[in-house]
Amino acid sequence: MISVLIADDEQPAVDELAFLLGQDPRIGVIHRATSGAEAIRILTREPVDAAFLDIHMPGLSGFDLARALQRFEHRPAFVFVTADEEGALEAFDLAAVDYLLKPVRTDRLHRSVTRVVESMGQGQATDAAPARPEMIAVTLGGTTRMIRRDDVRYVQAQGDYARLHTDEASYLVRVPMSDLERQWADAGFVRVHRSYLVALPHVTRVRLGGDRPTIVVGQAELPVSRRLLPGLRERLEAATPRARP
């Protein structure tokens, strides 16, 4: 179980996030702070594994806190929880584990806790800060924001563009599908159709027999072309754990 700190200048927001985190069996002690200064006092007295930080707080902001935490001997992983989409780039420059938008959804928070746990494991294995996730700049409604590549479930070709589908939205980027296929192969992405590139970790079901082979990624059922079927089978077999003899 991991211990966490929640820092937000609005008490109802602190209480709500504490309630949601308390539903996760991986969470142990939950510390609460309603200012950056109070968060620092708690962290100097009670080292925690992860900090969930609001960005806009009077005095010490969430970004200020993150910079201060980098100087701690026991540096917690940190997640920003905010209504501000435009702070994502700075957040990941500070090596944040995740960036949650309010109102926080339970399934999305669960994924953030998973990322915290994974980052702790990486840090222990390498005795260093965990590797930063691959980030992609996308534009939605005239606003540029950063998304994590491992949030992309599949990519859809649209002419000279590609549409990145996550479980929250889709984003059009001016990158040819062929470039993404080559650049993202090592990250578990495989071409299944001239129009689709899928992330194998997000695949939930495959049906490769019959006249119309398909693959299910999240809520989307995508076609698999006959030409690309052997390569997909090979990648799936390589990704399947084998029992030891």
# chains A, B, ... in the order shown; residues from 1 in each chain; ligands from 1
>>> select_by_dssp(residues="range 127-202 of chain A", states="strand (DSSP E)", output="compact mmCIF listing (two decimals) with N, CA and C atoms, in the first residue's frame")
# COMPACT_ATOMS: atom_id res chain seq x y z
N MET A 135 5.60 11.96 -24.86
CA MET A 135 4.51 12.92 -24.94
C MET A 135 4.32 13.38 -26.38
N ILE A 136 3.07 13.73 -26.71
CA ILE A 136 2.72 14.16 -28.05
C ILE A 136 1.95 15.47 -27.94
N ALA A 137 2.34 16.47 -28.74
CA ALA A 137 1.62 17.73 -28.78
C ALA A 137 0.44 17.61 -29.74
N VAL A 138 -0.76 17.91 -29.25
CA VAL A 138 -1.97 17.83 -30.07
C VAL A 138 -2.75 19.12 -29.91
N THR A 139 -3.64 19.38 -30.87
CA THR A 139 -4.47 20.58 -30.83
C THR A 139 -5.93 20.18 -30.81
N LEU A 140 -6.67 20.76 -29.88
CA LEU A 140 -8.11 20.51 -29.79
C LEU A 140 -8.80 21.82 -29.45
N THR A 143 -6.59 24.86 -28.80
CA THR A 143 -5.67 24.78 -27.66
C THR A 143 -4.69 23.63 -27.86
N THR A 144 -3.41 23.91 -27.71
CA THR A 144 -2.40 22.87 -27.78
C THR A 144 -2.19 22.27 -26.40
N ARG A 145 -2.19 20.97 -26.33
CA ARG A 145 -1.96 20.28 -25.07
C ARG A 145 -1.09 19.07 -25.32
N MET A 146 -0.63 18.46 -24.26
CA MET A 146 0.23 17.28 -24.36
C MET A 146 -0.57 16.05 -23.90
N ILE A 147 -0.43 14.96 -24.66
CA ILE A 147 -1.02 13.70 -24.22
C ILE A 147 0.09 12.64 -24.19
N ARG A 148 -0.12 11.62 -23.41
CA ARG A 148 0.84 10.52 -23.32
C ARG A 148 0.60 9.54 -24.46
N TYR A 154 -5.65 3.58 -30.47
CA TYR A 154 -5.39 3.25 -31.87
C TYR A 154 -5.29 4.53 -32.68
N VAL A 155 -4.73 4.40 -33.88
CA VAL A 155 -4.53 5.53 -34.77
C VAL A 155 -5.29 5.24 -36.06
N GLN A 156 -5.96 6.26 -36.57
CA GLN A 156 -6.74 6.13 -37.80
C GLN A 156 -6.17 7.06 -38.87
N ALA A 157 -5.88 6.51 -40.04
CA ALA A 157 -5.34 7.32 -41.13
C ALA A 157 -6.43 8.22 -41.69
N GLN A 158 -6.07 9.49 -41.93
CA GLN A 158 -6.98 10.45 -42.57
C GLN A 158 -6.17 11.30 -43.54
N TYR A 161 -2.92 13.12 -42.65
CA TYR A 161 -3.01 13.28 -41.20
C TYR A 161 -3.26 11.92 -40.55
N ALA A 162 -3.16 11.91 -39.24
CA ALA A 162 -3.52 10.72 -38.46
C ALA A 162 -4.35 11.16 -37.27
N ARG A 163 -5.39 10.42 -36.95
CA ARG A 163 -6.23 10.73 -35.80
C ARG A 163 -5.88 9.77 -34.67
N LEU A 164 -5.47 10.33 -33.53
CA LEU A 164 -5.09 9.55 -32.36
C LEU A 164 -6.32 9.40 -31.47
N HIS A 165 -6.71 8.17 -31.20
CA HIS A 165 -7.89 7.91 -30.38
C HIS A 165 -7.46 7.49 -28.97
N SER A 170 -10.39 12.25 -29.36
CA SER A 170 -9.52 11.94 -30.50
C SER A 170 -8.87 13.23 -30.97
N TYR A 171 -7.65 13.11 -31.51
CA TYR A 171 -6.87 14.29 -31.86
C TYR A 171 -6.24 14.08 -33.23
N LEU A 172 -6.34 15.10 -34.07
CA LEU A 172 -5.78 15.04 -35.41
C LEU A 172 -4.37 15.63 -35.38
N VAL A 173 -3.40 14.86 -35.89
CA VAL A 173 -2.01 15.33 -35.96
C VAL A 173 -1.53 15.23 -37.40
N PHE A 189 2.85 -0.71 -31.00
CA PHE A 189 1.85 -0.39 -32.02
C PHE A 189 2.08 -1.24 -33.26
N VAL A 190 1.00 -1.77 -33.82
CA VAL A 190 1.11 -2.65 -34.98
C VAL A 190 0.04 -2.26 -36.00
N ARG A 191 0.42 -2.27 -37.27
CA ARG A 191 -0.52 -1.96 -38.36
C ARG A 191 -1.40 -3.17 -38.60
N VAL A 192 -2.71 -2.98 -38.57
CA VAL A 192 -3.65 -4.07 -38.80
C VAL A 192 -4.46 -3.87 -40.08
N HIS A 193 -4.40 -2.66 -40.63
CA HIS A 193 -5.20 -2.32 -41.81
C HIS A 193 -4.57 -1.06 -42.40
N TYR A 196 -5.59 1.64 -40.06
CA TYR A 196 -5.53 1.54 -38.60
C TYR A 196 -4.20 1.00 -38.09
N LEU A 197 -3.74 1.64 -37.03
CA LEU A 197 -2.58 1.22 -36.27
C LEU A 197 -3.06 1.07 -34.82
N VAL A 198 -2.85 -0.09 -34.21
CA VAL A 198 -3.41 -0.32 -32.87
C VAL A 198 -2.30 -0.52 -31.85
N ALA A 199 -2.62 -0.15 -30.60
CA ALA A 199 -1.70 -0.37 -29.48
C ALA A 199 -2.03 -1.72 -28.86
>>> residues_around(residues="Leu101 in chain A", least_positions_apart="5", cutoff="8 Å", atoms="only C-alpha atoms", output="list in words")
Val81, Thr82, Ala83, Asp84 and Glu85 of chain A
>>> write_last_selection(atoms="C-alpha atoms", output="compact mmCIF listing (two decimals), in the first residue's frame")
# COMPACT_ATOMS: atom_id res chain seq x y z
CA VAL A 81 -5.10 17.43 -10.58
CA THR A 82 -6.50 20.57 -12.15
CA ALA A 83 -9.16 22.12 -14.37
CA ASP A 84 -6.45 23.81 -16.44
CA GLU A 85 -5.58 21.90 -19.65
>>> select_by_dssp(residues="range 85-221 of chain A", states="alpha helix (DSSP H)", output="PyMOL selection string")
chain A and resi 88-93+106-126+177-183
